[in-house]
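To be precise, the following lines are work-v4.pdb, and they hold PDB, C-alpha atoms, pLDDT in the B column.
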ATOM      1  CA  MET A   1     -45.219  13.591   8.173  1.00 65.00           C
ATOM      2  CA  ARG A   2     -43.299  10.488   9.238  1.00 72.00           C
ATOM      3  CA  GLN A   3     -39.821  11.078  10.675  1.00 75.00           C
ATOM      4  CA  LEU A   4     -37.085   9.022   9.005  1.00 73.00           C
ATOM      5  CA  PRO A   5     -34.227   7.618  11.088  1.00 75.00           C
ATOM      6  CA  PRO A   6     -30.927   9.454  10.751  1.00 74.00           C
ATOM      7  CA  LEU A   7     -28.542   8.190   8.086  1.00 65.00           C
ATOM      8  CA  SER A   8     -25.343   6.558   9.173  1.00 62.00           C
ATOM      9  CA  ASN A   9     -22.383   4.800   7.604  1.00 54.00           C
ATOM     10  CA  GLU A  10     -21.514   1.336   8.769  1.00 56.00           C
ATOM     11  CA  THR A  11     -17.936   0.858   9.929  1.00 54.00           C
ATOM     12  CA  HIS A  12     -17.185  -1.691   7.205  1.00 53.00           C
ATOM     13  CA  GLN A  13     -17.898   0.941   4.549  1.00 55.00           C
ATOM     14  CA  HIS A  14     -15.124   3.270   5.664  1.00 62.00           C
ATOM     15  CA  ARG A  15     -11.750   3.121   4.001  1.00 69.00           C
ATOM     16  CA  SER A  16      -8.553   4.825   5.045  1.00 76.00           C
ATOM     17  CA  ALA A  17      -7.610   5.399   1.389  1.00 81.00           C
ATOM     18  CA  PRO A  18      -9.129   4.994  -2.063  1.00 87.00           C
ATOM     19  CA  PRO A  19      -8.852   1.496  -3.555  1.00 90.00           C
ATOM     20  CA  THR A  20      -5.618   0.759  -5.363  1.00 92.00           C
ATOM     21  CA  ALA A  21      -5.548  -0.182  -9.045  1.00 94.00           C
ATOM     22  CA  TYR A  22      -4.985  -3.799  -7.976  1.00 95.00           C
ATOM     23  CA  GLU A  23      -7.998  -3.727  -5.630  1.00 95.00           C
ATOM     24  CA  ASN A  24     -10.168  -2.260  -8.389  1.00 95.00           C
ATOM     25  CA  LEU A  25      -9.038  -4.899 -10.892  1.00 97.00           C
ATOM     26  CA  LEU A  26      -9.590  -7.697  -8.403  1.00 97.00           C
ATOM     27  CA  GLY A  27     -13.023  -6.407  -7.418  1.00 96.00           C
ATOM     28  CA  ASP A  28     -14.046  -6.009 -11.060  1.00 97.00           C
ATOM     29  CA  SER A  29     -12.903  -9.528 -11.878  1.00 98.00           C
ATOM     30  CA  ILE A  30     -14.766 -11.007  -8.909  1.00 98.00           C
ATOM     31  CA  GLU A  31     -17.907  -9.110  -9.944  1.00 97.00           C
ATOM     32  CA  ARG A  32     -17.633 -10.469 -13.507  1.00 97.00           C
ATOM     33  CA  ALA A  33     -17.251 -13.990 -12.125  1.00 97.00           C
ATOM     34  CA  PHE A  34     -20.336 -13.578  -9.937  1.00 97.00           C
ATOM     35  CA  GLY A  35     -22.195 -12.172 -12.952  1.00 97.00           C
ATOM     36  CA  GLN A  36     -21.415 -15.386 -14.814  1.00 97.00           C
ATOM     37  CA  GLY A  37     -22.873 -17.446 -11.982  1.00 97.00           C
ATOM     38  CA  ILE A  38     -19.534 -18.434 -10.474  1.00 97.00           C
ATOM     39  CA  ASP A  39     -20.141 -18.588  -6.742  1.00 93.00           C
ATOM     40  CA  GLU A  40     -18.000 -21.454  -5.466  1.00 96.00           C
ATOM     41  CA  LEU A  41     -14.431 -20.821  -4.332  1.00 97.00           C
ATOM     42  CA  PRO A  42     -12.688 -23.388  -6.575  1.00 97.00           C
ATOM     43  CA  ALA A  43     -14.440 -22.030  -9.669  1.00 97.00           C
ATOM     44  CA  LEU A  44     -13.712 -18.437  -8.615  1.00 98.00           C
ATOM     45  CA  VAL A  45     -10.012 -19.243  -8.167  1.00 98.00           C
ATOM     46  CA  ASP A  46      -9.960 -20.859 -11.625  1.00 98.00           C
ATOM     47  CA  TYR A  47     -11.646 -17.783 -13.080  1.00 98.00           C
ATOM     48  CA  LEU A  48      -9.131 -15.420 -11.472  1.00 98.00           C
ATOM     49  CA  ASN A  49      -6.247 -17.524 -12.755  1.00 98.00           C
ATOM     50  CA  THR A  50      -7.665 -17.202 -16.273  1.00 98.00           C
ATOM     51  CA  ALA A  51      -9.008 -13.640 -16.234  1.00 97.00           C
ATOM     52  CA  GLY A  52      -6.641 -12.020 -13.732  1.00 96.00           C
ATOM     53  CA  PRO A  53      -5.361 -10.208 -11.944  1.00 97.00           C
ATOM     54  CA  SER A  54      -2.613 -12.473 -10.675  1.00 96.00           C
ATOM     55  CA  GLY A  55      -2.556 -13.435  -7.048  1.00 95.00           C
ATOM     56  CA  PRO A  56      -0.312 -11.851  -4.451  1.00 90.00           C
ATOM     57  CA  ASP A  57       3.324 -11.550  -5.547  1.00 90.00           C
ATOM     58  CA  GLY A  58       2.281 -12.460  -9.102  1.00 94.00           C
ATOM     59  CA  GLN A  59       1.561 -16.057  -8.170  1.00 96.00           C
ATOM     60  CA  ALA A  60      -1.390 -18.143  -9.330  1.00 98.00           C
ATOM     61  CA  TRP A  61      -4.422 -18.000  -7.067  1.00 98.00           C
ATOM     62  CA  THR A  62      -5.228 -20.866  -4.731  1.00 98.00           C
ATOM     63  CA  ALA A  63      -8.186 -21.144  -2.378  1.00 97.00           C
ATOM     64  CA  ALA A  64      -5.830 -20.431   0.532  1.00 97.00           C
ATOM     65  CA  SER A  65      -4.187 -17.398  -1.101  1.00 97.00           C
ATOM     66  CA  PHE A  66      -7.608 -15.975  -2.021  1.00 97.00           C
ATOM     67  CA  GLU A  67      -8.843 -16.346   1.564  1.00 96.00           C
ATOM     68  CA  ARG A  68      -5.656 -14.741   2.930  1.00 96.00           C
ATOM     69  CA  GLU A  69      -5.904 -11.848   0.478  1.00 96.00           C
ATOM     70  CA  MET A  70      -9.559 -11.225   1.289  1.00 95.00           C
ATOM     71  CA  ALA A  71      -8.697 -11.187   4.997  1.00 94.00           C
ATOM     72  CA  ARG A  72      -5.806  -8.784   4.358  1.00 92.00           C
ATOM     73  CA  LEU A  73      -7.903  -6.455   2.237  1.00 91.00           C
ATOM     74  CA  GLY A  74     -10.738  -6.558   4.747  1.00 86.00           C
ATOM     75  CA  ASN A  75      -8.586  -5.111   7.515  1.00 80.00           C
TER      76      ASN A  75
END

Using structure tokens, write down the structure from this file.
Amino acid sequence: MRQLPPLSNETHQHRSAPPTAYENLLGDSIERAFGQGIDELPALVDYLNTAGPSGPDGQAWTAASFEREMARLGN
């Protein structure tokens, strides 16, 4: 019988805490956008501004604020 390699978790899959409600809402909204074929940043930002959630501090999303938030959440 063929031996399978041991399973491992990649570092990027580990979280220090469960996702917050905001992170879940944002992730769900991004997934819905991708499901509708939205895959360019300007269109994604427009989608988030329509569908929500609001950007950081309740502000409208911009390309720059989206990139900053993704970098923050990725740390």

Skip segment 67-72 of chain A itself and residues of its chain fewer than 3 positions away, then list as a PyMOL selection string all residues within 12 Å of it, counting all atoms listed in the file. chain A and resi 22-23+26-27+30+41-42+44-45+54-57+61-64+75

A:Tyr47, A:Leu4, A:Pro53, A:Asp39 ranked by distance to Leu25 of chain A, top pick (using all atoms listed in the file):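 The answer is A:Pro53, which sits nearest to Leu25 of chain A.
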
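Note that the spacing between atom CA of Gly74 of chain A and atom CA of Asn24 of chain A amounts to 13.8 Å.
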
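Computed from the coordinates, the atom CA of Thr20 of chain A to atom CA of Asp46 of chain A distance equals 22.9 Å.
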
Where is the centre and how long are the edges: axis-aligned box on segment 39-49 of chain A, 3 Å on each side, Å to one decimal, as AutoDock Vina command-line options:
--center_x -13.2 --center_y -19.4 --center_z -8.7 --size_x 19.9 --size_y 14.0 --size_z 14.7

Residue with smallest distance to Ser29 of chain A - pool A:Gln3, A:Thr50, A:Gln59, A:Ser16, counting all atoms listed in the file: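 Smallest separation from Ser29 of chain A among the options: A:Thr50.
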
What does the distance from atom CA of Ala60 of chain A to atom CA of Ala17 of chain A come to in Å, to one decimal?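 The value is 26.6 Å.
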